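The structure appears below as structure tokens.
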Amino acid sequence: MFDPAIFGHQAIRQRLLERLEGGKLSGSLLFVGPAGIGKRRVAMELAQRELCFRRNACGQCAGCQLLQTEPLPLELPNLLRIVPEGKAGLIKIGTVRGDDLVEGGVIRWAHQASMANAHRWIVLEDAHRLNGASANMLLKILEEPPSGTHFLLVTHRPEMMLQTIRSRCERISFQPLKAAEAWAIAKAAGWEAADEARWSALSAGTLRYLEAETFQRAEAQLQAWLAIAAGATIAEASESLLPDKTSDTAQSEQMAQCLELLLRLLSDVARLREGRKPELAPWQSELEVVASKPLELKAPLDAIHTALRHLARNPFAESILREVALTLRS
Ligand SMILES: [Zn+2]
């Protein structure tokens with residue numbers, strides 16, 4: 001799963017490696033960029049290099065294989081993964097300070113002696129899901145991690161993080177994959193040429209819709225937003241917009257993804273009105289119907305941004321959707 005041939009970000013990976021080898025890598029890094037582009041892989045690759053018998057994350061040796069199990073291990077001799085848990089999808093204090101993840105908590109783990117010729121890597125996945133107490137507990141150690149320990153905070157929603165956490169980390173910005181890179185991975189995962197235009201347009205250089213089910217869901221949501229904007233009632237269209245309660249993805253994250261699809265739809269409406277090509281080109285005719293309506297974009301855009309800012313604290317998906325959808329019905 002860490003086949004170097006299948007993921008991009010070459011320049012960032014090279015630079016991180018050079019700084020690590022030169023002893024110049026910051027102790028606390030914040031990896032920021034869209035969801036589903038491989039930020040976590042880049043973080044894990046740093047740890048994998050040190051477990052690899054060939055020291056290059058070859059993907060073949062017994063050391064690399066430690067990182068190729070399903071599910072991925074949470075703890076290895078040089079790596080600790082901190083992942084959100086539960087329906088709310090939070091990183092809780094029991095993980096940071098208690099024994100929930102490792103005995104004595106994360107901070108103690110960070111201070112233990114590292115194995116020979118290796119650093120200690122602590123990867124916080126979806127770091128925006130640190131709850132307030134956990135975040136405050138980590139402030140001091142992020143400010144000055146123990147020698148040989150690196151914290152890698154990975155997030156696609158940095159705006160949801162405490163400023164005090166962000167300011168203690170060096171920010172590394174990741175760009176989406178090139179369309180061809182993303183599609184090559186999709187093809188290898190079984191997607192067919194007939195789906196390429198729709199898959200690539202919706203995925204926008206990410207792998208978040210690699211699984212057919214997540215893609216179909218996003219496509220249904222886009223169709224639902226298009227229908228509402230074209231005049232369908234909210235009740236008719238809203239079922240696919242509501243969070244899937246059986247999903248492992250936190251509800252607020254599902255809602256954010258759903259609202260972001262509407263943002264993209266509205267950007268395309270603006271593009272069409274300016275005589276430009278839409279990014280969601282396979283849905284151009286539906287978009288044109290919406291663009292021809294006397295729909296003002298400001299009210300829905302404001303409603304979406306307000307909803308996104310408050311998602312973590314507002315569990316009422318239906319009322320959020322209704323509020324946003326109503327702004328489309330001018
Ligand atoms: Zn190896």
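Just remember, in the structure tokens the first chain shown is A, the second B, etc., residues are 1-based per chain, and ligands are 1-based in the order shown.
The binding environment of ligand 1, defined as every protein, DNA or RNA residue with an atom no more than 12 Å away and counting only C-alpha atoms and all ligand atoms, comprises Phe2, Asp3, Pro4, Glu45, Leu46, Ala47, Gln48, Arg49, Glu50, Leu51, Cys52, Phe53, Arg54, Arg55, Asn56, Ala57, Cys58, Gly59, Gln60, Cys61, Ala62, Gly63, Cys64, Gln65, Leu66, Leu67 and Gln68 of chain A.
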Tell me, counting only C-alpha atoms, for each residue of stretch 23-103 of chain A within 7 Å of stretch 115-125 of chain A, which pair of atoms is nearest and how far apart they are in Å to one decimal, in rows ordered by chain and increasing number, as JSON lines.
{"residue": "A:Ala47", "atom": "CA", "partner": "A:Trp121", "partner_atom": "CA", "distance": 6.3}
{"residue": "A:Glu50", "atom": "CA", "partner": "A:Ala118", "partner_atom": "CA", "distance": 5.7}
{"residue": "A:Asn78", "atom": "CA", "partner": "A:Arg120", "partner_atom": "CA", "distance": 4.7}
{"residue": "A:Leu79", "atom": "CA", "partner": "A:Trp121", "partner_atom": "CA", "distance": 4.7}
{"residue": "A:Leu80", "atom": "CA", "partner": "A:Ile122", "partner_atom": "CA", "distance": 4.8}
{"residue": "A:Arg81", "atom": "CA", "partner": "A:Val123", "partner_atom": "CA", "distance": 4.9}
{"residue": "A:Ile82", "atom": "CA", "partner": "A:Leu124", "partner_atom": "CA", "distance": 4.8}
{"residue": "A:Val83", "atom": "CA", "partner": "A:Glu125", "partner_atom": "CA", "distance": 5.2}
Mind writing the picked residues with C-alpha atoms as a PDB file, in the first residue's frame?
ATOM      1  CA  ALA A  47       8.541   5.926   9.721  1.00  0.00           C
ATOM      2  CA  GLU A  50      13.462   3.481   9.301  1.00  0.00           C
ATOM      3  CA  ASN A  78       9.009   3.774  16.014  1.00  0.00           C
ATOM      4  CA  LEU A  79       5.440   4.760  15.171  1.00  0.00           C
ATOM      5  CA  LEU A  80       2.290   5.649  17.047  1.00  0.00           C
ATOM      6  CA  ARG A  81      -0.901   6.429  15.139  1.00  0.00           C
ATOM      7  CA  ILE A  82      -3.570   8.485  16.853  1.00  0.00           C
ATOM      8  CA  VAL A  83      -6.921   8.207  15.103  1.00  0.00           C
TER       9      VAL A  83
END
**OP:** Name the residues of stretch 100-197 of chain A that fall into strand (DSSP E) according to DSSP on the backbone, using the chain letters and numbers of this document, as an MDAnalysis selection string.
**Re:** chainID A and resid 120:124 149:155 170:173
Atoms to include: C-alpha atoms. Write the selected residues as an mmCIF file, in the first residue's frame.
data_model
loop_
_atom_site.group_PDB
_atom_site.id
_atom_site.type_symbol
_atom_site.label_atom_id
_atom_site.label_comp_id
_atom_site.auth_asym_id
_atom_site.auth_seq_id
_atom_site.Cartn_x
_atom_site.Cartn_y
_atom_site.Cartn_z
ATOM 1 C CA ARG A 120 9.850 8.220 17.107
ATOM 2 C CA TRP A 121 6.970 9.235 14.866
ATOM 3 C CA ILE A 122 3.603 10.196 16.244
ATOM 4 C CA VAL A 123 1.030 10.602 13.499
ATOM 5 C CA LEU A 124 -2.235 12.345 14.426
ATOM 6 C CA THR A 149 10.466 12.526 18.396
ATOM 7 C CA HIS A 150 8.415 14.020 15.583
ATOM 8 C CA PHE A 151 4.721 14.841 15.689
ATOM 9 C CA LEU A 152 3.011 14.752 12.297
ATOM 10 C CA LEU A 153 -0.464 16.273 12.441
ATOM 11 C CA VAL A 154 -2.477 15.451 9.334
ATOM 12 C CA THR A 155 -5.643 17.354 8.446
ATOM 13 C CA GLU A 170 5.403 23.980 10.774
ATOM 14 C CA ARG A 171 2.816 23.850 8.008
ATOM 15 C CA ILE A 172 3.468 21.666 4.969
ATOM 16 C CA SER A 173 0.879 22.288 2.212
#
Original post:
From the set A:Asn131, A:Ser240, A:Ser267, A:Ser285, which residue has the shortest atom-to-atom contact distance to A:Leu321, counting only C-alpha atoms?
Top reply: A:Ser240
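Between atom CA of A:Ala189 and atom CA of A:Leu265 lies a distance of 27.0 Å.
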**OP:** Just the residues within 12 Å of A:Lys298, please, counting only C-alpha atoms, with nothing from its chain fewer than 3 positions along; format it as a ChimeraX atom specification.
**Re:** /A:263,266-267,270,295,301-305,324,327-328,330
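Take atom CA of A:Pro34 and atom CA of A:Leu202: the distance between them is 13.2 Å.
Shortest atom-to-atom contact with A:Gly205 among A:Ala180, A:Leu222, A:Leu72, A:Ala188: A:Ala180, counting only C-alpha atoms.
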